[in-house]
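Following: one structure in structure tokens, then a few remarks.
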Amino acid sequence: MKNNKKSKHRLKRAFGYARRSPRKQLEDTSIEKQTEEIIKYCERNGIELVDIYTDDLKSAKSFDGRDAFKEMYNRTISKKENIDYIIVLKQDRISRDTLDTLYIMKRLNSLDKHLISIADNINTEDPKAEILVHIMSLVAQLEREFIAFRTNSGMEKKAEDGYFLGGKVFGYKTKDKELIIDPDEAKIVKYIFEKYAFNKWGYKKIASKLNIQGVQTKYNNEWTINSVKTILQNQIYIGNTKWREEYKKGQHSPIIEMSLWNKVKEVMQSRTYTPKKVHPGSYPLSGLLKCPQCGSSMVQGNSSQKYKYYQCSKNKNSGKKACSSNLIKKEYAEEFVQDKLITFLNEKNLSPIIYDVTKSNLSYELEPLEKEANNIKGKIQKHEEKLLTTIDLMSDTTLNLGGDLLKEKIVTHQEDINREKSKLESISKQLELKQSEHIKDIINFSVSNFKDFYLALSDTEKKKLVHSIIKEVHVTKGNKTQDRKIKSIIYNFDLNDLNKLVSE
Ligand SMILES: [Zn+2]
């Protein structure tokens with residue numbers, strides 16, 4: 001694609017960039033397809049495509065290993081190249097990380113160079129482009145987390161009712177997600193508990209005794225210190241089930257009596273000295289809150305279990321001389337910001353914008369998925385035909401073929417069919433979620449039930465989401481902790497620009 005000729009009327013010059021995403025395998029647009037779209041775009045818009053760079057990466061969280069991108073970027077910002085645009089098919093090709101993308105955008109814009117993302121319909125010559133980039137990263141986040149949330153909440157119901165949620169547990173057989181005691185293995189579980197509690201054997205001794213006796217773990221491995229320890233700490237044996245680090249009364253029969261369980265716990269405590277971990281908890285507003293006195297970021301303060309605060313980072317790192325602590329109550333600050341954020345998202349009615357942006361994006365993801373689904377359907381049909389032929393052969397008594405061999409064949413065909421069907425099922429689910437109407441549901445649901453949705457996220461997810469929407473949170477000055485309140489929240493998008501987008 002090299003073309004360095006310069007015409008008299010200077011055409012706008014561009015580099016194209018294509019990348020294979022490390023995370024999405026199946027639904028990813030191939031580098032060829034990306035390249036093709038970039039070439040077409042340049043032809044349609046009379047842009048001279050100087051070169052196309054590609055990265056095909058195994059993992060790309062940041063810029064590391066993205067040599068082609070780095071080289072292209074450096075050539076773009078150097079004066080002598082005279083490049084006007086970097087063109088990609090989708091903005092997530094630049095980076096999954098919005099901050100990365102925004103940084104690049106801003107750097108390019110300051111040099112009067114721009115980023116064009118074809119599928120997202122973004123050209124950073126348009127000042128509204130920045131908001132779109134933010135919104136899209138928000139959508140991507142909402143979509144990912146909503147799907148996780150929906151899957152989890154179905155499981156939550158089952159877990160609440162005390163059903164076992166899968167996996168193998170030594171001592172039990174699983175049948176339709178129910179735990180049924182395996183008498184032989186249960187004996188071994190009891191043996192482990194008793195040797196530990198009464199004979200005061202250590203993990204290692206128990207493991208080696210079991211190995212000498214030829215007993216294997218559920219996964220047919222040798223016993224280790226860890227696998228013995230896991231058994232001794234698993235509340236399933238006293239009839240509980242675990243969900244999200246919490247135990248509930250299960251539906252299955254226990255193997256170990258409470259008295260033995262408690263004895264083991266006692267021995268464990270007497271043996272191990274572990275300093276109590278101070279759980280730092282999460283401080284989602286770290287870095288966003290700004291100190292009312294010096295303006296630097298506020299971070300997790302010197303909090304106790306009962307009273308938690310954010311504190312000026314300068315004070316925390318350099319002491320009183322640098323700045324005062326300017327503590328603000330964690331609970332108050334987080335609740336306040338959360339409520340404002342929810343109101344903000346509800347009022348803005350982001351759904352239509354998010355939907356529009358997502359829709360054009362999706363068309364590029366649906367195609368390869370549909371292709372794959374059809375491909376699998378074809379395979380299933382072929383397997384089914386073979387299966388029918390085999391059944392015909394078997395029922396034809398005149399042929400007198402080996403029955404066992406045919407039975408075996410039938411089983412193999414059936415297994416092939418099942419395997420393909422489960423693949424198809426997973427693709428169909430993805431397709432279903434990506435069909436526009438579903439996306440609309442997802443977006444509407446996430447926006448209108450933002451609070452439920454938000455509360456269901458893990459601490460890390462909350463932090464990520466809050467940071468993608470909010471830029472800064474200002475705190476009022478005050479002499480005492482309780483005097484300090486949230487003064488204002490500054491969002492990553494400009495509210496007026498956002499209104500313009502909605503009214504357009
Ligand atoms: Zn300060």
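Naming works like this for the structure tokens: A, B, ... for the chains as they're shown, residue 1 at the start of each chain, ligands 1 onward in shown order.
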
Which residues are close to Val88 in chain A, i.e. within 7 Å by only C-alpha atoms, leaving aside same-chain residues fewer than 2 positions away? Reply as a ChimeraX atom specification. /A:16-18,38,86,90-91,93,116-118

Hey, can you spit out that residue selection with N, CA and C atoms as a PDB file, in the first residue's frame?
ATOM      1  N   GLY A  16      -3.685   3.982   7.787  1.00  0.00           N
ATOM      2  CA  GLY A  16      -4.747   3.103   8.263  1.00  0.00           C
ATOM      3  C   GLY A  16      -4.170   2.196   9.338  1.00  0.00           C
ATOM      4  N   TYR A  17      -5.019   1.779  10.262  1.00  0.00           N
ATOM      5  CA  TYR A  17      -4.532   0.870  11.292  1.00  0.00           C
ATOM      6  C   TYR A  17      -5.546  -0.240  11.528  1.00  0.00           C
ATOM      7  N   ALA A  18      -5.090  -1.478  11.453  1.00  0.00           N
ATOM      8  CA  ALA A  18      -5.960  -2.622  11.694  1.00  0.00           C
ATOM      9  C   ALA A  18      -5.332  -3.487  12.771  1.00  0.00           C
ATOM     10  N   ILE A  38     -11.122   0.214   5.318  1.00  0.00           N
ATOM     11  CA  ILE A  38     -10.331   1.443   5.370  1.00  0.00           C
ATOM     12  C   ILE A  38     -10.015   1.924   3.947  1.00  0.00           C
ATOM     13  N   ILE A  86      -5.426   9.370  11.210  1.00  0.00           N
ATOM     14  CA  ILE A  86      -5.261   7.942  11.456  1.00  0.00           C
ATOM     15  C   ILE A  86      -6.653   7.359  11.298  1.00  0.00           C
ATOM     16  N   LYS A  90     -12.911   0.636  13.850  1.00  0.00           N
ATOM     17  CA  LYS A  90     -13.640   0.916  15.076  1.00  0.00           C
ATOM     18  C   LYS A  90     -12.700   1.505  16.093  1.00  0.00           C
ATOM     19  N   GLN A  91     -13.232   2.369  16.943  1.00  0.00           N
ATOM     20  CA  GLN A  91     -12.333   3.046  17.885  1.00  0.00           C
ATOM     21  C   GLN A  91     -11.667   2.095  18.871  1.00  0.00           C
ATOM     22  N   ARG A  93     -10.148  -0.376  18.200  1.00  0.00           N
ATOM     23  CA  ARG A  93      -8.884  -0.858  17.617  1.00  0.00           C
ATOM     24  C   ARG A  93      -7.712  -0.106  18.210  1.00  0.00           C
ATOM     25  N   ILE A 116     -10.100   9.041  12.619  1.00  0.00           N
ATOM     26  CA  ILE A 116     -11.381   8.700  12.010  1.00  0.00           C
ATOM     27  C   ILE A 116     -11.689   7.250  12.342  1.00  0.00           C
ATOM     28  N   SER A 117     -12.876   7.041  12.911  1.00  0.00           N
ATOM     29  CA  SER A 117     -13.298   5.679  13.181  1.00  0.00           C
ATOM     30  C   SER A 117     -14.538   5.405  12.335  1.00  0.00           C
ATOM     31  N   ILE A 118     -14.401   4.536  11.352  1.00  0.00           N
ATOM     32  CA  ILE A 118     -15.427   4.402  10.315  1.00  0.00           C
ATOM     33  C   ILE A 118     -16.749   3.875  10.880  1.00  0.00           C
TER      34      ILE A 118
END

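Once only C-alpha atoms and all ligand atoms are used for the distance check, the residues close to ligand 1 at 6 Å turn out to be Cys291, Gln293, Cys294, Gly295, Ser296, Cys312, Lys314, Cys323 and Ser324 of chain A.
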
CA of Asp92 in chain A to CA of Ala119 in chain A: how many Å, to one decimal? 10.4 Å

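Rounded to one decimal, CA of Gly239 in chain A and CA of His252 in chain A lie 6.0 Å from each other.
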
So which residues touch Asn240 in chain A within 9 Å, counting only C-alpha atoms, skipping near sequence neighbours fewer than 4 positions away, as a list in words? Gly162, Asn234, Gln235, Ile236, Tyr247, Lys248, Lys249, Gly250, Gln251, His252 and Pro254 of chain A

Taking 4 positions as the minimum chain separation for residues in the same chain, which residues sit within 12 Å of Leu285 in chain A when counting only C-alpha atoms? Answer as an MDAnalysis selection string. chainID A and resid 289:290 297:301 309:311 328:338 459:460 462:475 486 489

Dump as a JSON list (two decimals), in the first residue's frame, selection limited to N, CA and C atoms:
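Listed below is the output, out.json:
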[["chain", "number", "residue", "atom", "x", "y", "z"],
["A", 289, "LEU", "N", -11.94, 12.71, 43.94],
["A", 289, "LEU", "CA", -12.15, 13.75, 44.95],
["A", 289, "LEU", "C", -10.93, 14.67, 44.99],
["A", 290, "LYS", "N", -11.19, 15.98, 45.03],
["A", 290, "LYS", "CA", -10.09, 16.93, 45.07],
["A", 290, "LYS", "C", -10.06, 17.65, 46.40],
["A", 297, "SER", "N", -5.40, 15.21, 44.62],
["A", 297, "SER", "CA", -6.39, 14.14, 44.75],
["A", 297, "SER", "C", -6.52, 13.68, 46.19],
["A", 298, "MET", "N", -7.72, 13.21, 46.51],
["A", 298, "MET", "CA", -7.91, 12.62, 47.83],
["A", 298, "MET", "C", -7.95, 11.11, 47.68],
["A", 299, "VAL", "N", -7.41, 10.43, 48.67],
["A", 299, "VAL", "CA", -7.30, 8.97, 48.61],
["A", 299, "VAL", "C", -7.79, 8.36, 49.92],
["A", 300, "GLN", "N", -7.73, 7.05, 49.99],
["A", 300, "GLN", "CA", -8.13, 6.35, 51.20],
["A", 300, "GLN", "C", -7.43, 6.93, 52.42],
["A", 301, "GLY", "N", -8.21, 7.34, 53.41],
["A", 301, "GLY", "CA", -7.63, 7.94, 54.60],
["A", 301, "GLY", "C", -7.26, 6.91, 55.63],
["A", 309, "TYR", "N", -12.69, 7.35, 55.90],
["A", 309, "TYR", "CA", -12.57, 8.67, 55.31],
["A", 309, "TYR", "C", -11.74, 8.67, 54.03],
["A", 310, "TYR", "N", -11.93, 9.72, 53.25],
["A", 310, "TYR", "CA", -10.97, 10.08, 52.22],
["A", 310, "TYR", "C", -10.12, 11.19, 52.79],
["A", 311, "GLN", "N", -8.89, 11.23, 52.34],
["A", 311, "GLN", "CA", -7.93, 12.15, 52.93],
["A", 311, "GLN", "C", -7.08, 12.77, 51.82],
["A", 328, "ILE", "N", -12.97, 13.66, 54.59],
["A", 328, "ILE", "CA", -14.40, 13.69, 54.28],
["A", 328, "ILE", "C", -14.91, 12.26, 54.44],
["A", 329, "LYS", "N", -16.10, 12.14, 55.00],
["A", 329, "LYS", "CA", -16.65, 10.82, 55.30],
["A", 329, "LYS", "C", -16.87, 10.01, 54.03],
["A", 330, "LYS", "N", -16.36, 8.80, 54.04],
["A", 330, "LYS", "CA", -16.43, 7.91, 52.88],
["A", 330, "LYS", "C", -17.89, 7.62, 52.50],
["A", 331, "GLU", "N", -18.65, 7.20, 53.49],
["A", 331, "GLU", "CA", -20.02, 6.77, 53.21],
["A", 331, "GLU", "C", -20.84, 7.91, 52.62],
["A", 332, "TYR", "N", -20.71, 9.09, 53.24],
["A", 332, "TYR", "CA", -21.45, 10.25, 52.75],
["A", 332, "TYR", "C", -21.05, 10.57, 51.31],
["A", 333, "ALA", "N", -19.74, 10.67, 51.07],
["A", 333, "ALA", "CA", -19.26, 11.08, 49.75],
["A", 333, "ALA", "C", -19.72, 10.09, 48.67],
["A", 334, "GLU", "N", -19.60, 8.80, 48.96],
["A", 334, "GLU", "CA", -19.94, 7.81, 47.95],
["A", 334, "GLU", "C", -21.43, 7.78, 47.66],
["A", 335, "GLU", "N", -22.23, 7.88, 48.72],
["A", 335, "GLU", "CA", -23.68, 7.87, 48.49],
["A", 335, "GLU", "C", -24.13, 9.09, 47.73],
["A", 336, "PHE", "N", -23.55, 10.22, 48.08],
["A", 336, "PHE", "CA", -23.91, 11.46, 47.41],
["A", 336, "PHE", "C", -23.59, 11.38, 45.92],
["A", 337, "VAL", "N", -22.39, 10.96, 45.61],
["A", 337, "VAL", "CA", -21.96, 10.89, 44.21],
["A", 337, "VAL", "C", -22.79, 9.85, 43.46],
["A", 338, "GLN", "N", -23.04, 8.74, 44.09],
["A", 338, "GLN", "CA", -23.83, 7.69, 43.45],
["A", 338, "GLN", "C", -25.24, 8.19, 43.10],
["A", 459, "ASP", "N", -16.66, -4.11, 43.52],
["A", 459, "ASP", "CA", -16.01, -2.84, 43.85],
["A", 459, "ASP", "C", -15.15, -2.32, 42.71],
["A", 460, "THR", "N", -14.39, -3.22, 42.11],
["A", 460, "THR", "CA", -13.51, -2.80, 41.02],
["A", 460, "THR", "C", -14.32, -2.29, 39.85],
["A", 462, "LYS", "N", -17.31, -1.03, 39.93],
["A", 462, "LYS", "CA", -17.89, 0.27, 40.30],
["A", 462, "LYS", "C", -16.88, 1.38, 40.06],
["A", 463, "LYS", "N", -15.68, 1.13, 40.52],
["A", 463, "LYS", "CA", -14.64, 2.15, 40.41],
["A", 463, "LYS", "C", -14.40, 2.50, 38.94],
["A", 464, "LYS", "N", -14.31, 1.47, 38.11],
["A", 464, "LYS", "CA", -14.05, 1.68, 36.70],
["A", 464, "LYS", "C", -15.14, 2.51, 36.05],
["A", 465, "LEU", "N", -16.37, 2.14, 36.37],
["A", 465, "LEU", "CA", -17.51, 2.82, 35.77],
["A", 465, "LEU", "C", -17.56, 4.29, 36.20],
["A", 466, "VAL", "N", -17.42, 4.50, 37.52],
["A", 466, "VAL", "CA", -17.46, 5.87, 38.04],
["A", 466, "VAL", "C", -16.37, 6.73, 37.39],
["A", 467, "HIS", "N", -15.19, 6.15, 37.24],
["A", 467, "HIS", "CA", -14.10, 6.91, 36.65],
["A", 467, "HIS", "C", -14.32, 7.19, 35.16],
["A", 468, "SER", "N", -15.10, 6.33, 34.50],
["A", 468, "SER", "CA", -15.31, 6.58, 33.07],
["A", 468, "SER", "C", -16.35, 7.68, 32.85],
["A", 469, "ILE", "N", -17.17, 7.97, 33.85],
["A", 469, "ILE", "CA", -18.20, 9.00, 33.68],
["A", 469, "ILE", "C", -17.81, 10.32, 34.33],
["A", 470, "ILE", "N", -17.15, 10.20, 35.50],
["A", 470, "ILE", "CA", -16.85, 11.40, 36.27],
["A", 470, "ILE", "C", -15.38, 11.78, 36.15],
["A", 471, "LYS", "N", -15.15, 13.08, 36.03],
["A", 471, "LYS", "CA", -13.78, 13.55, 35.90],
["A", 471, "LYS", "C", -13.22, 14.00, 37.24],
["A", 472, "GLU", "N", -14.00, 14.83, 37.94],
["A", 472, "GLU", "CA", -13.54, 15.34, 39.23],
["A", 472, "GLU", "C", -14.71, 15.54, 40.16],
["A", 473, "VAL", "N", -14.45, 15.42, 41.47],
["A", 473, "VAL", "CA", -15.47, 15.74, 42.48],
["A", 473, "VAL", "C", -14.84, 16.73, 43.45],
["A", 474, "HIS", "N", -15.48, 17.90, 43.57],
["A", 474, "HIS", "CA", -14.90, 18.93, 44.45],
["A", 474, "HIS", "C", -15.58, 18.94, 45.81],
["A", 475, "VAL", "N", -14.77, 19.26, 46.80],
["A", 475, "VAL", "CA", -15.21, 19.22, 48.20],
["A", 475, "VAL", "C", -15.15, 20.63, 48.77],
["A", 486, "ILE", "N", -19.78, 17.59, 49.47],
["A", 486, "ILE", "CA", -19.46, 17.60, 48.04],
["A", 486, "ILE", "C", -19.97, 18.91, 47.45],
["A", 489, "ILE", "N", -19.75, 18.10, 40.98],
["A", 489, "ILE", "CA", -19.24, 16.93, 40.25],
["A", 489, "ILE", "C", -18.99, 17.36, 38.82]]

Could you name the residues that touch Phe170 in chain A at 7 Å or less, counting only C-alpha atoms, but leaving out those on the same chain fewer than 5 positions away, as an MDAnalysis selection string? chainID A and resid 185 217:218

Output the selection as an mmCIF file, in the first residue's frame - N, CA and C atoms for each residue.
data_model
loop_
_atom_site.group_PDB
_atom_site.id
_atom_site.type_symbol
_atom_site.label_atom_id
_atom_site.label_comp_id
_atom_site.auth_asym_id
_atom_site.auth_seq_id
_atom_site.Cartn_x
_atom_site.Cartn_y
_atom_site.Cartn_z
ATOM 1 N N GLU A 185 -16.014 -42.060 49.228
ATOM 2 C CA GLU A 185 -15.288 -40.796 49.372
ATOM 3 C C GLU A 185 -15.629 -40.117 50.700
ATOM 4 N N THR A 217 -7.513 -37.697 44.411
ATOM 5 C CA THR A 217 -8.488 -36.609 44.569
ATOM 6 C C THR A 217 -9.575 -36.763 43.512
ATOM 7 N N LYS A 218 -10.555 -35.879 43.579
ATOM 8 C CA LYS A 218 -11.670 -35.909 42.636
ATOM 9 C C LYS A 218 -11.169 -35.797 41.195
#

Best match for closeness to Lys423 in chain A among A:Ile52, A:Ile380, A:Val267, A:Leu111, counting only C-alpha atoms: A:Ile380

Nearby residues (only C-alpha atoms) at most 12 Å from Asp51 in chain A, same-chain spacing under 4 positions excluded, as a list in words: Met1, Lys2, Asn3, Asn4, Arg13, Ala14, Phe15, Gly16, Tyr17, Ala18, Thr35, Ile38, Ile39, Cys42, Ile47, Ala68, Phe69, Glu71, Met72, Arg75, Thr76, Glu81, Ile83, Tyr85, Ile86 and Ile87 of chain A

To one decimal in Å, tell me the separation between CA of Asn375 in chain A and CA of Ser428 in chain A. 12.5 Å

As a PyMOL selection string, please: the residues near range 205-216 of chain A (cut-off 10 Å, only C-alpha atoms, same-chain neighbours under 4 positions excluded). chain A and resi 170+185+188+191-193+195-196+200-201+220-229

Create the file for the chosen residues now, containing N, CA and C atoms and written as a compact mmCIF listing (two decimals), in the first residue's frame.
# COMPACT_ATOMS: atom_id res chain seq x y z
N PHE A 170 -15.21 -33.52 46.38
CA PHE A 170 -14.82 -34.83 46.89
C PHE A 170 -15.78 -35.22 48.01
N GLU A 185 -16.01 -42.06 49.23
CA GLU A 185 -15.29 -40.80 49.37
C GLU A 185 -15.63 -40.12 50.70
N ILE A 188 -13.38 -41.11 53.38
CA ILE A 188 -12.08 -40.46 53.32
C ILE A 188 -12.16 -39.04 53.89
N TYR A 191 -12.10 -39.39 57.50
CA TYR A 191 -10.74 -39.77 57.89
C TYR A 191 -9.86 -38.52 58.00
N ILE A 192 -9.95 -37.66 56.99
CA ILE A 192 -9.14 -36.43 56.98
C ILE A 192 -9.48 -35.56 58.19
N PHE A 193 -10.75 -35.36 58.43
CA PHE A 193 -11.17 -34.52 59.56
C PHE A 193 -10.72 -35.12 60.89
N LYS A 195 -8.29 -37.38 61.52
CA LYS A 195 -6.84 -37.41 61.73
C LYS A 195 -6.33 -36.03 62.11
N TYR A 196 -6.92 -35.03 61.51
CA TYR A 196 -6.49 -33.67 61.81
C TYR A 196 -6.91 -33.25 63.21
N LYS A 200 -4.01 -35.09 65.50
CA LYS A 200 -3.16 -33.91 65.33
C LYS A 200 -2.16 -34.05 64.18
N TRP A 201 -2.60 -34.75 63.12
CA TRP A 201 -1.74 -34.82 61.95
C TRP A 201 -1.78 -33.49 61.21
N ASN A 220 -8.42 -37.02 40.11
CA ASN A 220 -7.45 -38.08 39.92
C ASN A 220 -6.00 -37.62 40.04
N ASN A 221 -5.78 -36.72 40.98
CA ASN A 221 -4.41 -36.30 41.25
C ASN A 221 -3.98 -36.84 42.60
N GLU A 222 -2.70 -36.63 42.89
CA GLU A 222 -2.20 -36.96 44.23
C GLU A 222 -2.66 -35.86 45.19
N TRP A 223 -2.76 -36.22 46.45
CA TRP A 223 -3.14 -35.22 47.44
C TRP A 223 -1.97 -34.31 47.74
N THR A 224 -2.29 -33.07 48.04
CA THR A 224 -1.25 -32.10 48.38
C THR A 224 -1.67 -31.38 49.67
N ILE A 225 -0.76 -30.59 50.20
CA ILE A 225 -1.08 -29.80 51.39
C ILE A 225 -2.34 -28.98 51.14
N ASN A 226 -2.38 -28.40 49.95
CA ASN A 226 -3.51 -27.54 49.62
C ASN A 226 -4.82 -28.28 49.49
N SER A 227 -4.78 -29.47 48.84
CA SER A 227 -6.06 -30.16 48.64
C SER A 227 -6.62 -30.66 49.97
N VAL A 228 -5.73 -31.03 50.89
CA VAL A 228 -6.20 -31.45 52.22
C VAL A 228 -6.80 -30.25 52.96
N LYS A 229 -6.11 -29.14 52.87
CA LYS A 229 -6.57 -27.93 53.54
C LYS A 229 -7.95 -27.51 53.01
